[in-house]
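*Asks:* For reference, the file protein-v2.cif (mmCIF, C-alpha atoms) is included below:
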data_final
#
loop_
_atom_site.label_atom_id
_atom_site.label_comp_id
_atom_site.auth_asym_id
_atom_site.auth_seq_id
_atom_site.Cartn_x
_atom_site.Cartn_y
_atom_site.Cartn_z
CA MET E 15 105.54 123.03 78.84
CA SER E 16 104.38 121.22 81.94
CA ARG E 17 106.12 118.48 83.85
CA LEU E 18 104.55 115.05 84.23
CA ASP E 19 102.47 114.39 87.34
CA ASN E 20 102.31 111.06 89.16
CA GLY E 21 99.24 109.11 88.07
CA GLN E 22 99.01 110.89 84.72
CA PRO E 23 99.01 108.76 81.54
CA PHE E 24 102.35 109.01 79.74
CA PRO E 25 101.82 110.81 76.41
CA PRO E 26 102.40 108.80 73.21
CA LEU E 27 105.92 109.18 71.78
CA THR E 28 107.59 107.28 68.94
CA VAL E 29 111.25 107.38 67.92
CA PRO E 30 113.33 105.19 65.60
CA ALA E 31 115.29 102.44 67.36
CA VAL E 32 118.92 101.47 66.93
CA GLY E 33 118.94 98.25 64.94
CA GLY E 34 115.63 98.97 63.22
CA GLY E 35 112.00 99.47 64.07
CA THR E 36 110.68 102.02 66.50
CA ILE E 37 110.22 102.60 70.19
CA SER E 38 106.57 103.46 70.84
CA LEU E 39 105.82 104.75 74.29
CA PRO E 40 104.12 103.92 76.51
CA GLY E 41 102.85 100.90 74.51
CA ASP E 42 106.17 99.05 74.26
CA LEU E 43 106.38 99.00 78.06
CA ALA E 44 102.76 97.98 78.73
CA GLY E 45 102.27 95.23 81.27
CA SER E 46 105.61 95.92 82.97
CA TYR E 47 107.02 98.72 85.00
CA GLY E 48 108.81 100.91 82.50
CA VAL E 49 111.87 103.09 82.82
CA ILE E 50 112.36 105.76 80.17
CA LEU E 51 115.83 107.28 80.18
CA ILE E 52 116.23 110.41 78.11
CA TYR E 53 119.93 111.09 77.85
CA ARG E 54 121.77 114.18 76.71
CA GLY E 55 123.86 112.49 74.03
CA SER E 56 126.66 110.02 73.45
CA TRP E 57 129.22 112.74 74.24
CA CYS E 58 128.02 112.97 77.89
CA PRO E 59 130.12 110.94 80.39
CA TYR E 60 127.32 111.05 82.98
CA CYS E 61 124.95 109.52 80.42
CA HIS E 62 127.47 106.76 79.65
CA ALA E 63 127.63 105.95 83.37
CA GLN E 64 123.85 105.95 83.79
CA LEU E 65 123.11 103.86 80.69
CA GLY E 66 125.89 101.40 81.52
CA SER E 67 124.61 100.97 85.07
CA PHE E 68 121.08 100.21 83.83
CA SER E 69 122.48 97.71 81.33
CA ARG E 70 124.42 95.94 84.08
CA ALA E 71 121.33 95.91 86.35
CA LEU E 72 118.94 94.57 83.73
CA ASP E 73 118.82 91.04 85.24
CA ILE E 74 117.74 92.44 88.61
CA LEU E 75 115.26 94.83 87.00
CA SER E 76 113.82 92.08 84.78
CA LYS E 77 113.10 89.96 87.88
CA LEU E 78 111.05 92.91 89.15
CA ASN E 79 109.12 93.10 85.84
CA VAL E 80 110.90 96.31 84.78
CA LYS E 81 111.66 97.14 81.15
CA VAL E 82 114.12 99.89 80.21
CA VAL E 83 114.33 102.08 77.11
CA ALA E 84 116.53 105.08 76.38
CA LEU E 85 116.46 107.81 73.76
CA SER E 86 118.24 110.98 72.68
CA VAL E 87 118.61 113.43 69.82
CA ASP E 88 121.74 111.60 68.60
CA ASP E 89 121.77 110.46 64.98
CA GLU E 90 121.54 106.75 64.17
CA ASP E 91 125.27 106.09 63.72
CA THR E 92 126.21 107.91 66.92
CA ALA E 93 123.54 106.09 68.94
CA ALA E 94 124.57 102.73 67.44
CA GLU E 95 128.21 103.38 68.42
CA LEU E 96 127.12 104.11 72.00
CA VAL E 97 125.03 100.93 72.16
CA ALA E 98 128.01 98.87 70.96
CA LYS E 99 130.60 100.63 73.13
CA ARG E 100 128.54 100.36 76.33
CA LYS E 101 127.04 96.96 75.41
CA LEU E 102 123.55 98.30 76.07
CA ASN E 103 121.03 95.46 76.17
CA PHE E 104 117.79 97.44 76.07
CA PRO E 105 116.15 99.42 73.25
CA VAL E 106 117.78 102.75 72.44
CA GLY E 107 116.04 105.37 70.33
CA TYR E 108 117.69 108.07 68.27
CA GLY E 109 116.72 111.18 66.37
CA ALA E 110 114.29 112.41 69.02
CA ASP E 111 112.81 115.83 68.33
CA ALA E 112 113.91 117.80 71.41
CA ASP E 113 111.15 120.40 71.14
CA GLN E 114 108.40 117.82 70.59
CA ILE E 115 109.52 115.73 73.58
CA ALA E 116 109.92 118.79 75.78
CA ALA E 117 106.40 119.92 74.89
CA ALA E 118 104.99 116.45 75.61
CA ILE E 119 106.69 115.67 78.92
CA GLY E 120 108.30 118.89 80.16
CA ALA E 121 111.96 117.89 79.76
CA TYR E 122 114.52 120.66 79.93
CA VAL E 123 116.17 121.56 76.61
CA HIS E 124 119.67 122.90 76.06
CA ASP E 125 119.60 125.39 73.22
CA ASP E 126 123.06 125.43 71.64
CA PRO E 127 123.70 122.69 70.76
CA HIS E 128 120.05 121.60 70.82
CA TYR E 129 119.47 118.51 73.00
CA LEU E 130 117.33 117.21 75.85
CA GLN E 131 118.62 117.30 79.40
CA SER E 132 118.57 114.07 81.38
CA THR E 133 115.04 112.99 82.25
CA GLY E 134 113.97 109.71 83.80
CA VAL E 135 110.44 108.40 84.11
CA ILE E 136 109.11 105.29 85.84
CA LEU E 137 105.80 104.04 84.46
CA ALA E 138 103.32 101.69 86.08
CA PRO E 139 102.30 98.63 84.04
CA ASP E 140 99.21 100.55 82.85
CA GLY E 141 101.34 103.34 81.33
CA THR E 142 100.73 105.93 84.01
CA VAL E 143 103.56 107.94 85.54
CA CYS E 144 104.81 106.68 88.92
CA LEU E 145 107.77 109.03 89.15
CA ALA E 146 109.53 111.60 86.97
CA VAL E 147 113.04 112.94 87.56
CA TYR E 148 114.06 116.07 85.66
CA SER E 149 117.54 117.50 85.46
CA SER E 150 118.34 120.98 84.20
CA GLY E 151 122.00 120.03 83.74
CA ALA E 152 124.52 117.21 83.70
CA ILE E 153 123.75 115.56 87.06
CA GLY E 154 120.63 114.46 88.91
CA ARG E 155 119.19 111.33 87.34
CA LEU E 156 117.61 107.93 87.98
CA VAL E 157 119.89 105.11 89.10
CA PRO E 158 119.03 101.39 88.93
CA ASP E 159 119.17 100.77 92.69
CA ASP E 160 116.61 103.51 93.31
CA VAL E 161 114.36 102.15 90.57
CA ALA E 162 114.58 98.60 91.97
CA GLY E 163 113.84 99.78 95.51
CA PHE E 164 110.95 101.96 94.33
CA VAL E 165 109.36 99.17 92.28
CA GLU E 166 109.77 96.67 95.14
CA TYR E 167 108.09 99.11 97.50
CA VAL E 168 105.13 100.08 95.27
CA SER E 169 104.61 96.43 94.30
CA ALA E 170 104.28 95.55 98.01
CA HIS E 171 102.29 98.69 98.85
CA PRO E 172 100.06 99.53 95.85
CA ASP E 173 98.40 102.46 97.64
CA ALA E 174 101.77 104.13 98.28
CA GLN E 175 102.26 105.51 94.78
#
How does the structure come out when it is put into structure tokens?

*Replies:*
Amino acid sequence: MSRLDNGQPFPPLTVPAVGGGTISLPGDLAGSYGVILIYRGSWCPYCHAQLGSFSRALDILSKLNVKVVALSVDDEDTAAELVAKRKLNFPVGYGADADQIAAAIGAYVHDDPHYLQSTGVILAPDGTVCLAVYSSGAIGRLVPDDVAGFVEYVSAHPDAQ
């Protein structure tokens, strides 16, 4: 299991999406900066706060050409309840295979119960990794203000990535 490096192409991942269809990464984010939020589960208060903050910041992020997706190991009903409760207005995937995702991107996995620890990735419009934030526990994650500031900076200074 190796962590993602800046400049590396994001590996292909597909998960079912709340409301139908699938989330296919990095393809669904192509042409925009992409934020991939892997959250621990709907039971996690820190995840609720993070996902809610990204939902509230979506207008600002959209103006910066940033698309957001989130995913977890939650089942469909649990993920759908979270989307409704937090009024999430970006695609949310469910039923992620923790071991498969960990092998592909290096996310930390909690063993019992089996779930992915918080991981956040910012992708360039071409699907390459700009930044990856890994947490081995409940805290330490991407926040919308940091994403907006980062995207504004790299958009103005393309060689700075």

*Asks:* So that I can check the surroundings of range 28-38 of chain E, please list as a list in words every protein, DNA and RNA residue that reaches within 8 Å of it, counting all atoms listed in the file and ignoring chain neighbours fewer than 5 positions away.

*Replies:*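 What passes the distance filter is Leu85, Glu90, Ala93, Ala94, Pro105, Val106, Gly107, Tyr108, Gly109 and Ala110 of chain E.
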
*Asks:* Carefully work through the PyMOL selection byres ((chain E and resi 50) around 7) for this structure and note down the residues it includes, as number ranges by chain.

*Replies:* E: 48-49, 51-52, 82-84, 134-136

*Asks:* Rounded to one decimal in Å, what is the spacing between CA of Ser69 in chain E and CA of Phe104 in chain E?

*Replies:* 7.1 Å

*Asks:* Find the residue from E:Ser132, E:Thr92, E:Gln114, E:Ser46 that sits nearest to Leu27 in chain E; use only C-alpha atoms when measuring.

*Replies:*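 The closest residue to Leu27 in chain E is E:Gln114.
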
*Asks:* If we draw a sphere of 9 Å around (119.4, 119.9, 81.4), which residues have at least one atom in it when counting only C-alpha atoms? Please report them as a list in words.

*Replies:*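 Those residues, ordered by chain and then number, are Arg54, Ala121, Tyr122, Val123, His124, Tyr129, Leu130, Gln131, Ser132, Thr133, Tyr148, Ser149, Ser150, Gly151, Ala152 and Ile153 of chain E.
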
*Asks:* For the atom pair CA of Pro158 in chain E and CA of Leu72 in chain E, what is the interatomic distance in Å to one decimal place?

*Replies:* 8.6 Å

*Asks:* Would you please work out which residue, of E:Cys58, E:Gly21, E:Ala170, E:Asp113, is nearest to Cys144 in chain E when using only C-alpha atoms?

*Replies:*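 Of all the options, E:Gly21 lies closest to Cys144 in chain E.
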
*Asks:* Taking into account only C-alpha atoms, which residue in the set E:Gly141, E:Gly66, E:Pro59, E:Gly120 is nearest to Phe24 in chain E?

*Replies:*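 Closest candidate: E:Gly141.
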
*Asks:* Can you translate the PyMOL selection byres ((chain E and resi 161) around 10) into the concrete residues it hits in this file, as a ChimeraX atom specification?

*Replies:* /E:47-49,68,75,78,80,135-136,145,156-160,162-167

*Asks:* Could you check which of E:Gln22, E:Ala117, E:Ser16, E:Trp57 is closest to Val143 in chain E, using only C-alpha atoms?

*Replies:* E:Gln22

*Asks:* Counting only C-alpha atoms, figure out which residue out of E:Leu137, E:Asp89, E:Ile115, E:Ser67 gets nearest to Asn103 in chain E.

*Replies:*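 Closest candidate: E:Ser67.
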